[in-house]
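Structure data (mmCIF, C-alpha atoms and all ligand atoms) from my_file-v7.cif:
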data_work
#
loop_
_atom_site.label_atom_id
_atom_site.label_comp_id
_atom_site.auth_asym_id
_atom_site.auth_seq_id
_atom_site.Cartn_x
_atom_site.Cartn_y
_atom_site.Cartn_z
CA MET A 1 -53.30 -4.69 -29.87
CA LEU A 2 -56.72 -3.43 -28.78
CA ASP A 3 -57.70 -7.01 -27.92
CA VAL A 4 -54.52 -7.47 -25.89
CA LEU A 5 -55.26 -4.26 -23.97
CA HIS A 6 -58.86 -5.33 -23.31
CA GLU A 7 -57.71 -8.73 -22.05
CA LEU A 8 -55.06 -7.12 -19.81
CA GLU A 9 -57.56 -4.64 -18.34
CA THR A 10 -60.18 -7.31 -17.59
CA THR A 11 -57.72 -9.72 -15.96
CA ALA A 12 -56.00 -6.98 -13.94
CA LEU A 13 -59.30 -5.64 -12.53
CA ALA A 14 -60.52 -9.14 -11.64
CA GLU A 15 -57.27 -9.90 -9.81
CA LEU A 16 -57.35 -6.55 -8.01
CA ASP A 17 -60.87 -7.25 -6.87
CA ALA A 18 -59.76 -10.53 -5.30
CA GLN A 19 -56.99 -8.88 -3.17
CA SER A 20 -57.69 -7.96 0.47
CA GLY A 21 -54.35 -7.37 2.27
CA SER A 22 -52.05 -4.38 1.69
CA ASP A 23 -49.08 -6.67 0.85
CA ALA A 24 -51.07 -8.45 -1.85
CA LEU A 25 -52.19 -5.08 -3.24
CA GLU A 26 -48.59 -3.90 -3.52
CA GLU A 27 -47.67 -7.10 -5.37
CA TRP A 28 -50.52 -6.46 -7.78
CA ARG A 29 -49.32 -2.89 -8.38
CA ILE A 30 -45.78 -4.03 -9.14
CA SER A 31 -47.09 -6.82 -11.35
CA TYR A 32 -49.30 -4.54 -13.52
CA LEU A 33 -48.15 -0.94 -13.06
CA GLY A 34 -44.46 -1.39 -12.10
CA THR A 35 -41.58 -0.47 -14.42
CA LYS A 36 -41.25 -4.15 -15.38
CA GLY A 37 -45.03 -4.71 -15.15
CA LYS A 38 -47.45 -6.18 -17.64
CA LEU A 39 -48.66 -2.79 -18.93
CA ARG A 40 -45.10 -1.73 -19.81
CA ALA A 41 -44.60 -5.12 -21.41
CA VAL A 42 -47.29 -4.45 -24.06
CA MET A 43 -45.78 -1.07 -25.11
CA PRO A 44 -43.24 -2.53 -27.59
CA LEU A 45 -46.26 -3.93 -29.51
CA MET A 46 -47.05 -0.30 -30.54
CA LYS A 47 -44.31 -0.63 -33.13
CA SER A 48 -46.34 -3.21 -35.05
CA VAL A 49 -49.56 -1.06 -35.02
CA PRO A 50 -50.33 0.51 -38.44
CA PRO A 51 -49.64 4.27 -38.31
CA ASP A 52 -53.27 5.26 -38.91
CA GLN A 53 -54.39 3.27 -35.84
CA LYS A 54 -51.61 4.48 -33.54
CA PRO A 55 -53.51 7.51 -32.09
CA ALA A 56 -56.54 5.34 -31.16
CA VAL A 57 -54.39 2.55 -29.70
CA GLY A 58 -52.21 5.08 -27.82
CA LYS A 59 -55.33 6.69 -26.36
CA ARG A 60 -56.67 3.28 -25.32
CA LEU A 61 -53.34 2.42 -23.71
CA ASN A 62 -53.52 5.61 -21.60
CA GLU A 63 -57.13 4.83 -20.68
CA VAL A 64 -56.22 1.36 -19.43
CA LYS A 65 -53.32 2.79 -17.40
CA THR A 66 -55.56 5.44 -15.79
CA THR A 67 -58.30 2.87 -15.10
CA LEU A 68 -55.87 0.52 -13.36
CA GLU A 69 -54.23 3.32 -11.34
CA THR A 70 -57.61 4.67 -10.19
CA ALA A 71 -58.88 1.20 -9.30
CA PHE A 72 -55.67 0.54 -7.35
CA ARG A 73 -55.99 3.78 -5.31
CA GLU A 74 -59.63 3.12 -4.48
CA LYS A 75 -58.89 -0.43 -3.40
CA LYS A 76 -55.97 0.73 -1.28
CA ASP A 77 -58.15 3.32 0.51
CA ALA A 78 -60.82 0.71 1.16
CA VAL A 79 -58.30 -1.72 2.68
CA ALA A 80 -56.87 1.08 4.92
CA ASP A 81 -60.39 1.97 6.17
CA THR A 82 -61.07 -1.66 7.12
CA ALA A 83 -57.76 -1.90 8.99
CA GLU A 84 -58.56 1.27 10.98
CA ALA A 85 -61.96 -0.10 11.93
CA GLY A 86 -60.19 -3.03 13.65
CA PRO A 87 -60.45 -6.72 12.91
CA ALA A 88 -63.66 -7.87 11.35
CA ILE A 89 -66.05 -9.38 13.89
CA ASP A 90 -67.52 -12.75 13.09
CA VAL A 91 -70.93 -12.52 14.70
CA THR A 92 -71.55 -16.21 14.12
CA GLU A 93 -68.67 -17.26 16.46
CA PRO A 94 -70.03 -18.89 19.66
CA GLY A 95 -69.52 -16.60 22.73
CA PHE A 96 -67.54 -17.38 25.89
CA PRO A 97 -69.67 -19.02 28.60
CA CYS A 98 -70.31 -16.56 31.47
CA GLY A 99 -70.02 -17.96 35.03
CA VAL A 100 -73.10 -17.74 37.22
CA GLY A 101 -72.50 -15.67 40.38
CA ARG A 102 -73.35 -16.89 43.88
CA ARG A 103 -73.39 -15.53 47.40
CA HIS A 104 -70.07 -15.47 49.31
CA VAL A 105 -69.61 -18.45 51.65
CA LEU A 106 -69.59 -16.08 54.66
CA SER A 107 -72.86 -14.39 53.64
CA ARG A 108 -74.44 -17.82 53.29
CA THR A 109 -73.09 -18.91 56.69
CA ILE A 110 -74.58 -15.77 58.28
CA ASP A 111 -77.98 -16.45 56.67
CA GLU A 112 -77.90 -20.07 57.89
CA ILE A 113 -76.96 -19.08 61.46
CA VAL A 114 -79.69 -16.42 61.59
CA GLU A 115 -82.20 -18.96 60.31
CA VAL A 116 -81.33 -21.51 63.02
CA PHE A 117 -81.59 -18.94 65.83
CA ALA A 118 -84.80 -17.49 64.35
CA ARG A 119 -86.35 -20.96 64.62
CA MET A 120 -85.33 -20.93 68.30
CA GLY A 121 -87.26 -17.68 68.90
CA PHE A 122 -84.44 -15.10 68.60
CA SER A 123 -85.13 -11.88 66.67
CA VAL A 124 -82.34 -9.96 64.91
CA ALA A 125 -80.96 -6.69 66.36
CA TYR A 126 -78.50 -4.26 64.78
CA GLY A 127 -75.93 -1.74 65.98
CA PRO A 128 -73.31 0.58 64.44
CA GLU A 129 -69.75 -0.49 63.63
CA VAL A 130 -68.38 2.90 64.77
CA GLU A 131 -69.05 2.96 68.50
CA ASP A 132 -68.53 5.16 71.54
CA GLU A 133 -66.64 4.04 74.64
CA TRP A 134 -69.84 3.74 76.66
CA HIS A 135 -71.28 0.95 74.48
CA ASN A 136 -67.98 -0.80 73.73
CA PHE A 137 -66.55 -0.62 77.29
CA ASN A 138 -68.22 1.24 80.20
CA ALA A 139 -71.70 -0.28 79.98
CA LEU A 140 -70.10 -3.71 79.47
CA ASN A 141 -68.43 -3.37 82.89
CA ILE A 142 -64.98 -2.72 81.36
CA PRO A 143 -63.45 0.01 83.60
CA PRO A 144 -61.29 2.88 82.24
CA ASP A 145 -58.01 1.25 83.36
CA HIS A 146 -58.82 -2.18 81.81
CA PRO A 147 -56.11 -3.52 79.44
CA ALA A 148 -58.79 -4.23 76.78
CA ARG A 149 -58.92 -0.44 76.22
CA GLU A 150 -55.24 -0.15 75.24
CA PRO A 151 -54.71 1.80 71.99
CA THR A 152 -52.75 -1.20 70.67
CA ASP A 153 -55.87 -3.42 70.99
CA ASN A 154 -58.37 -1.04 69.39
CA PHE A 155 -58.92 1.04 66.27
CA TYR A 156 -59.58 4.44 67.91
CA MET A 157 -60.99 7.31 65.89
CA PRO A 158 -61.20 11.06 66.56
CA GLY A 159 -63.91 12.14 69.02
CA ALA A 160 -63.53 9.26 71.53
CA ARG A 161 -64.95 6.81 69.00
CA LEU A 162 -63.66 3.44 67.88
CA LEU A 163 -64.50 0.54 65.57
CA ARG A 164 -66.40 -1.92 67.78
CA THR A 165 -64.29 -4.84 68.94
CA GLN A 166 -67.24 -7.14 69.69
CA THR A 167 -70.95 -7.43 68.93
CA SER A 168 -71.65 -7.28 72.70
CA THR A 169 -72.19 -3.53 72.05
CA VAL A 170 -75.55 -4.45 70.50
CA GLN A 171 -76.64 -6.06 73.79
CA ILE A 172 -76.32 -2.66 75.44
CA ARG A 173 -78.05 -0.74 72.65
CA THR A 174 -80.93 -3.23 72.58
CA MET A 175 -81.46 -3.22 76.36
CA GLU A 176 -81.30 0.61 76.43
CA ALA A 177 -84.09 0.74 73.84
CA THR A 178 -86.26 -2.23 74.93
CA GLN A 179 -87.90 -3.42 78.10
CA PRO A 180 -87.38 -7.07 79.13
CA PRO A 181 -88.07 -9.87 78.46
CA LEU A 182 -86.10 -10.05 75.21
CA LYS A 183 -84.35 -12.64 73.09
CA ILE A 184 -82.10 -11.33 70.30
CA ILE A 185 -79.11 -12.16 68.18
CA ALA A 186 -76.85 -9.55 66.58
CA VAL A 187 -74.64 -10.39 63.62
CA GLY A 188 -71.98 -8.10 62.25
CA ARG A 189 -68.42 -7.04 61.61
CA VAL A 190 -66.00 -6.33 64.44
CA TYR A 191 -62.47 -4.94 64.29
CA ARG A 192 -59.27 -5.70 66.20
CA PRO A 193 -55.65 -4.87 65.35
CA ASP A 194 -54.71 -8.56 65.47
CA THR A 195 -51.85 -9.80 63.30
CA HIS A 196 -53.21 -11.77 60.35
CA ASP A 197 -52.56 -15.50 60.44
CA ALA A 198 -54.47 -18.69 59.59
CA THR A 199 -57.10 -18.10 62.33
CA HIS A 200 -56.96 -14.32 62.95
CA PHE A 201 -58.05 -11.37 60.84
CA SER A 202 -58.32 -7.68 61.78
CA MET A 203 -61.95 -7.54 60.62
CA PHE A 204 -64.19 -10.52 61.27
CA HIS A 205 -67.81 -11.33 62.11
CA GLN A 206 -69.48 -12.35 65.35
CA VAL A 207 -72.96 -13.55 66.24
CA GLU A 208 -74.07 -12.31 69.64
CA GLY A 209 -76.98 -13.81 71.56
CA LEU A 210 -78.84 -12.25 74.50
CA TYR A 211 -81.79 -13.62 76.44
CA VAL A 212 -83.22 -11.67 79.35
CA ASP A 213 -86.16 -12.88 81.42
CA ARG A 214 -86.99 -13.91 84.97
CA ARG A 215 -85.15 -16.98 86.30
CA VAL A 216 -82.86 -17.57 83.29
CA THR A 217 -80.06 -20.05 84.17
CA MET A 218 -76.85 -21.53 82.75
CA VAL A 219 -78.96 -24.56 81.78
CA ASP A 220 -80.97 -22.36 79.39
CA LEU A 221 -77.69 -21.05 77.97
CA LYS A 222 -76.20 -24.47 77.40
CA THR A 223 -79.49 -25.75 75.95
CA ALA A 224 -79.62 -22.90 73.42
CA LEU A 225 -76.00 -23.46 72.34
CA PHE A 226 -76.57 -27.21 72.17
CA GLN A 227 -79.69 -26.79 70.01
CA PHE A 228 -77.75 -24.49 67.70
CA ALA A 229 -74.82 -26.94 67.45
CA ARG A 230 -77.12 -29.86 66.59
CA ALA A 231 -79.14 -27.85 64.06
CA TYR A 232 -76.09 -26.36 62.37
CA PHE A 233 -73.35 -29.01 62.60
CA GLY A 234 -75.52 -32.12 62.65
CA PRO A 235 -76.84 -34.71 65.11
CA GLY A 236 -73.37 -35.73 66.40
CA ALA A 237 -72.49 -32.21 67.61
CA GLU A 238 -71.93 -31.47 71.30
CA VAL A 239 -71.26 -28.39 73.43
CA ARG A 240 -68.70 -27.95 76.20
CA MET A 241 -68.15 -24.94 78.47
CA ARG A 242 -64.79 -24.17 80.05
CA PRO A 243 -64.59 -21.63 82.91
CA SER A 244 -63.31 -18.28 81.70
CA PHE A 245 -63.59 -14.54 82.36
CA PHE A 246 -65.46 -11.75 80.57
CA PRO A 247 -66.14 -8.47 82.45
CA PHE A 248 -69.79 -8.44 81.29
CA THR A 249 -70.78 -11.98 82.35
CA GLU A 250 -70.59 -13.80 85.68
CA PRO A 251 -69.99 -16.71 85.63
CA SER A 252 -68.28 -16.80 82.21
CA ALA A 253 -67.19 -19.66 79.98
CA GLU A 254 -65.49 -20.46 76.69
CA VAL A 255 -67.78 -22.31 74.27
CA ASP A 256 -66.39 -25.36 72.48
CA MET A 257 -68.42 -27.38 70.01
CA LYS A 258 -67.70 -30.96 69.05
CA MET A 259 -68.14 -31.53 65.34
CA LYS A 260 -66.84 -33.60 62.48
CA VAL A 261 -63.59 -32.18 61.10
CA LYS A 262 -62.16 -34.19 58.16
CA GLY A 263 -64.28 -37.19 59.11
CA ARG A 264 -63.29 -37.16 62.81
CA TYR A 265 -65.17 -35.57 65.72
CA GLN A 266 -63.11 -32.79 67.36
CA TRP A 267 -63.66 -30.07 69.98
CA VAL A 268 -63.38 -26.61 68.44
CA GLU A 269 -63.41 -23.30 70.35
CA LEU A 270 -65.97 -20.95 68.85
CA GLY A 271 -66.56 -18.13 71.35
CA GLY A 272 -67.49 -16.99 74.84
CA CYS A 273 -70.64 -16.92 76.96
CA GLY A 274 -72.02 -16.43 80.47
CA MET A 275 -74.77 -15.01 82.66
CA VAL A 276 -75.23 -11.23 82.22
CA ASP A 277 -73.35 -9.41 85.00
CA PRO A 278 -75.65 -7.38 87.36
CA ASN A 279 -73.47 -4.29 86.68
CA VAL A 280 -74.47 -4.49 82.99
CA PHE A 281 -78.17 -4.58 83.95
CA GLU A 282 -77.66 -1.55 86.17
CA ALA A 283 -75.89 0.33 83.35
CA VAL A 284 -78.92 -0.07 81.08
CA GLY A 285 -81.49 0.59 83.79
CA TYR A 286 -82.73 -3.00 84.35
CA ASP A 287 -83.29 -4.15 87.95
CA PRO A 288 -80.74 -6.97 88.55
CA GLU A 289 -82.89 -8.27 91.42
CA GLU A 290 -85.75 -8.90 89.01
CA TRP A 291 -84.05 -9.79 85.73
CA THR A 292 -81.60 -12.51 84.79
CA GLY A 293 -80.07 -13.32 81.42
CA TYR A 294 -77.48 -15.11 79.41
CA ALA A 295 -75.26 -13.90 76.57
CA PHE A 296 -72.91 -15.52 74.10
CA GLY A 297 -70.64 -14.39 71.25
CA LEU A 298 -69.34 -16.73 68.54
CA GLY A 299 -66.84 -16.08 65.74
CA ILE A 300 -68.57 -16.61 62.38
CA GLU A 301 -65.40 -17.11 60.30
CA ARG A 302 -64.35 -19.88 62.67
CA ILE A 303 -67.80 -21.51 62.31
CA ALA A 304 -67.62 -21.36 58.48
CA MET A 305 -64.02 -22.61 58.49
CA ARG A 306 -64.96 -25.64 60.56
CA LYS A 307 -68.13 -26.40 58.65
CA TYR A 308 -66.50 -26.21 55.21
CA GLY A 309 -62.98 -27.39 56.13
CA ILE A 310 -61.31 -24.03 55.29
CA ALA A 311 -57.76 -24.09 56.69
CA ASP A 312 -56.93 -20.36 56.47
CA ILE A 313 -59.20 -17.40 57.40
CA ARG A 314 -57.37 -15.17 54.88
CA TRP A 315 -58.78 -17.18 51.96
CA LEU A 316 -62.23 -15.84 52.89
CA TYR A 317 -61.07 -12.29 52.07
CA GLU A 318 -58.78 -12.79 49.07
CA ASN A 319 -61.65 -13.01 46.58
CA ASP A 320 -59.93 -15.72 44.58
CA ALA A 321 -62.70 -17.04 42.34
CA ARG A 322 -61.08 -20.52 42.23
CA PHE A 323 -61.53 -20.75 46.03
CA LEU A 324 -64.99 -19.13 46.19
CA ARG A 325 -66.39 -21.27 43.36
CA GLN A 326 -66.13 -24.37 45.58
CA PHE A 327 -68.93 -23.29 47.90
C1 LIG A 401 -65.76 -11.88 72.76
O1 LIG A 401 -65.62 -11.13 71.79
C2 LIG A 401 -66.96 -11.72 73.67
N1 LIG A 401 -67.68 -10.53 73.32
C3 LIG A 401 -67.82 -12.98 73.56
C4 LIG A 401 -68.90 -13.02 74.60
C5 LIG A 401 -70.17 -12.52 74.32
C6 LIG A 401 -68.61 -13.53 75.87
C7 LIG A 401 -71.16 -12.54 75.30
C8 LIG A 401 -69.61 -13.55 76.84
C9 LIG A 401 -70.87 -13.07 76.55
P1 LIG A 401 -63.63 -13.26 72.28
O2 LIG A 401 -62.69 -12.13 72.28
O3 LIG A 401 -63.12 -14.54 72.86
O4 LIG A 401 -64.96 -12.93 73.06
O5 LIG A 401 -64.11 -13.52 70.78
C10 LIG A 401 -65.12 -14.44 70.48
C11 LIG A 401 -64.76 -15.26 69.25
O6 LIG A 401 -64.46 -14.40 68.16
C12 LIG A 401 -63.51 -16.12 69.38
O7 LIG A 401 -63.76 -17.31 70.06
C13 LIG A 401 -63.19 -16.38 67.93
O8 LIG A 401 -64.04 -17.38 67.41
C14 LIG A 401 -63.55 -15.06 67.30
N2 LIG A 401 -62.34 -14.22 67.12
C15 LIG A 401 -61.69 -13.50 68.05
N3 LIG A 401 -60.66 -12.82 67.50
C16 LIG A 401 -60.66 -13.14 66.18
C17 LIG A 401 -59.84 -12.75 65.05
N4 LIG A 401 -58.84 -11.88 65.16
N5 LIG A 401 -60.13 -13.27 63.83
C18 LIG A 401 -61.17 -14.13 63.70
N6 LIG A 401 -61.99 -14.52 64.70
C19 LIG A 401 -61.74 -14.04 65.93
#
Can the structure from this file be put into structure tokens for me?
Amino acid sequence: MLDVLHELETTALAELDAQSGSDALEEWRISYLGTKGKLRAVMPLMKSVPPDQKPAVGKRLNEVKTTLETAFREKKDAVADTAEAGPAIDVTEPGFPCGVGRRHVLSRTIDEIVEVFARMGFSVAYGPEVEDEWHNFNALNIPPDHPAREPTDNFYMPGARLLRTQTSTVQIRTMEATQPPLKIIAVGRVYRPDTHDATHFSMFHQVEGLYVDRRVTMVDLKTALFQFARAYFGPGAEVRMRPSFFPFTEPSAEVDMKMKVKGRYQWVELGGCGMVDPNVFEAVGYDPEEWTGYAFGLGIERIAMRKYGIADIRWLYENDARFLRQF
């Protein structure tokens, strides 16, 4: 009987040791300590134990029962602790590859545009996005009753301020702070309450150019735009000007550039330009009899869309990694 108990104890502890889940542990308990378990099954053997050995065998039987119960409780606590700590982490598993970040296609377009104009002798000027009416309208020869000032066409703010609608504001700020001659570009965000569609957004970017010197002509303007088009869009690019109207330039023109779109050369409208109006020079304190200049303003989203074949301006602002990853 003592041998049977020893055998039972050894086997039961070895099996318990091999269990790891709470279901398996419960099966073990039923199998050894349950009412129909293996420990109960050896009890009838007590009848065949000689009477003088019964106290020792009975004591041993109780010992085995206590040992198995204690071992079961300890194992159960250990399994519960592991479950609370969460699933075991296999530190040898290979990790997930992490994508390498890159600059947004618009940021890269801006850098490229600035680089081309820098090579042509333009320096970069800056101005605020929250503007006053003087810099956004008055100094640009846009009178108080001009339709461009309508509340429906502008994001007005308290204190006669507004989000600038064009980078032409930086022309004024630069001329107010600098004596001619000067040759600058200004790149930045502008804001208009336009309805969003494939080519319009309410916040977009412009690049403004301004060159002031003696005897500047439309030929200088067209040459600068032509050099930019060739440098940026490639040797087949061309520039066309169509007569237009802007209050701050006279004469004024729309700028179209001819470039390859889906393998075919096409004319694409990119912005406006013209010779700086004498009223603008007077507003900033330059003598219009002495100084002449040209200015242009191009939409950067439209440039990027044409260069990279992007059909919808909204994709540039949706931050969809599947789209951005292509550039
Ligand atoms: C202007 O903003 C003038 N300041 C340009 C200028 C500068 C003329 C200097 C003369 C001298 P316009 O409103 O046409 O012009 O805008 C210029 C370009 O900005 C457009 O040709 C287009 O490329 C881009 N643009 C205009 N509105 C939007 C819009 N809602 N979303 C995206 N791009 C736009």
Excluding same-chain residues fewer than 4 positions from Val284 of chain A, what lies within 8 Å of it counting all atoms listed in the file, as a PDB file with C-alpha atoms, in the coordinates of the input?
ATOM      1  CA  ALA A 139     -71.700  -0.280  79.980  1.00  0.00           C
ATOM      2  CA  ILE A 172     -76.320  -2.660  75.440  1.00  0.00           C
ATOM      3  CA  MET A 175     -81.460  -3.220  76.360  1.00  0.00           C
ATOM      4  CA  GLU A 176     -81.300   0.610  76.430  1.00  0.00           C
ATOM      5  CA  VAL A 280     -74.470  -4.490  82.990  1.00  0.00           C
TER       6      VAL A 280
END
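Comparing the minimum interatomic distances between Asp81 of chain A and each of A:Gly21, A:Pro147, A:Gly272, A:Pro158, counting all atoms listed in the file, we find that A:Gly21 sits nearest.
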Contacts with ligand LIG 401 (chain A) at most 8 Å, all atoms listed in the file counted, listed as a count of residues only:
47
Using all atoms listed in the file, find each residue of segment 159-217 of chain A with at least one atom at most 7 Å away from an atom of segment 119-122 of chain A; report its shortest atom-to-atom pair and that distance in Å (one decimal), sort the rows by chain and rising residue number, and return the result as a tab-separated table.
residue	atom	partner	partner_atom	distance
A:Lys183	CA	A:Phe122	CA	5.1
A:Ile184	CA	A:Phe122	CA	4.8
A:Ile185	CA	A:Phe122	CA	6.1
Let me make sure I understand: among A:Phe117, A:Trp267, A:Phe137, A:Tyr232, which one has the smallest atom-to-atom distance to Leu163 of chain A if we use only C-alpha atoms?
A:Phe137
Can you work out which one of A:Arg29, A:Arg108, A:Arg164, A:Arg215 has the shortest atom-to-atom distance to Thr292 of chain A, counting all atoms listed in the file?
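Answer, going by the shortest atom-to-atom distance: A:Arg215.
As for atom CA of Asp132 of chain A and atom CA of Pro278 of chain A, they are spaced 21.4 Å apart.
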Residues at most 9 Å from Lys222 of chain A, counting all atoms listed in the file, excluding those fewer than 6 positions away in the same chain, as a PyMOL selection string?
chain A and resi 239-241
Grab the atom CA of Trp28 of chain A to atom CA of Leu13 of chain A distance for me, in Å with one decimal place.
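Distance between the two atoms: 10.0 Å.
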Is it possible to get the axis-aligned box enclosing segment 311-326 of chain A (all listed atoms, 5 Å extra per side) as AutoDock Vina command-line options, with centre and edge lengths in Å rounded to one decimal?
--center_x -61.7 --center_y -18.3 --center_z 49.8 --size_x 19.5 --size_y 22.1 --size_z 25.2
Considering only C-alpha atoms, can you say which of A:Asp23, A:Glu238, A:Asp145, A:Glu131 comes closest to Ala160 of chain A?
A:Glu131
So what do you get for atom CA of Val170 of chain A versus atom CA of Val190 of chain A, distance-wise?
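These atoms are spaced 11.5 Å apart.
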Taking into account all atoms listed in the file, which residue in the set A:Leu316, A:Val114, A:Ile89, A:Leu25 is nearest to Lys75 of chain A?
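Residue with the minimum atom-to-atom distance to Lys75 of chain A: A:Leu25.
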Given the choices A:Val216, A:Ile113, A:Leu45, A:Ile30, which gets closest to Gly293 of chain A if the distance is worked out from all atoms listed in the file?
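Between A:Val216, A:Ile113, A:Leu45, A:Ile30, the residue approaching Gly293 of chain A most closely is A:Val216.
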Which residues are near Leu16 of chain A? Cut-off 12 Å, only C-alpha atoms, ignore same chain within fewer than 2 positions. Put them as a PyMOL selection string.
chain A and resi 9-14+18-22+24-33+67-76+79
With C-alpha atoms kept, could you save the residues just selected as a short mmCIF file (atom, residue, chain, number, x, y, z; two decimals), in the coordinates of the input?
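Output saved as out_13.cif:
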data_model
loop_
_atom_site.label_atom_id
_atom_site.label_comp_id
_atom_site.auth_asym_id
_atom_site.auth_seq_id
_atom_site.Cartn_x
_atom_site.Cartn_y
_atom_site.Cartn_z
CA GLU A 9 -57.56 -4.64 -18.34
CA THR A 10 -60.18 -7.31 -17.59
CA THR A 11 -57.72 -9.72 -15.96
CA ALA A 12 -56.00 -6.98 -13.94
CA LEU A 13 -59.30 -5.64 -12.53
CA ALA A 14 -60.52 -9.14 -11.64
CA ALA A 18 -59.76 -10.53 -5.30
CA GLN A 19 -56.99 -8.88 -3.17
CA SER A 20 -57.69 -7.96 0.47
CA GLY A 21 -54.35 -7.37 2.27
CA SER A 22 -52.05 -4.38 1.69
CA ALA A 24 -51.07 -8.45 -1.85
CA LEU A 25 -52.19 -5.08 -3.24
CA GLU A 26 -48.59 -3.90 -3.52
CA GLU A 27 -47.67 -7.10 -5.37
CA TRP A 28 -50.52 -6.46 -7.78
CA ARG A 29 -49.32 -2.89 -8.38
CA ILE A 30 -45.78 -4.03 -9.14
CA SER A 31 -47.09 -6.82 -11.35
CA TYR A 32 -49.30 -4.54 -13.52
CA LEU A 33 -48.15 -0.94 -13.06
CA THR A 67 -58.30 2.87 -15.10
CA LEU A 68 -55.87 0.52 -13.36
CA GLU A 69 -54.23 3.32 -11.34
CA THR A 70 -57.61 4.67 -10.19
CA ALA A 71 -58.88 1.20 -9.30
CA PHE A 72 -55.67 0.54 -7.35
CA ARG A 73 -55.99 3.78 -5.31
CA GLU A 74 -59.63 3.12 -4.48
CA LYS A 75 -58.89 -0.43 -3.40
CA LYS A 76 -55.97 0.73 -1.28
CA VAL A 79 -58.30 -1.72 2.68
#
When you look at Met43 of chain A with a cut-off of 12 Å (counting all atoms listed in the file), what residues show up, excluding the ones that are within fewer than 2 positions of it in the same chain? I need them as a list in words.
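Contacts, in chain order: Met1, Leu2, Val4, Leu5, Thr35, Lys36, Gly37, Lys38, Leu39, Arg40, Ala41, Leu45, Met46, Lys47, Ser48, Val49, Lys54, Val57, Gly58, Arg60, Leu61, Asn62 and Lys65 of chain A.
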Write out as a VMD selection string the residues lying within 10 Å of Phe327 of chain A, counting all atoms listed in the file and excluding same-chain residues fewer than 6 positions away.
chain A and resid 102 to 106 108 308
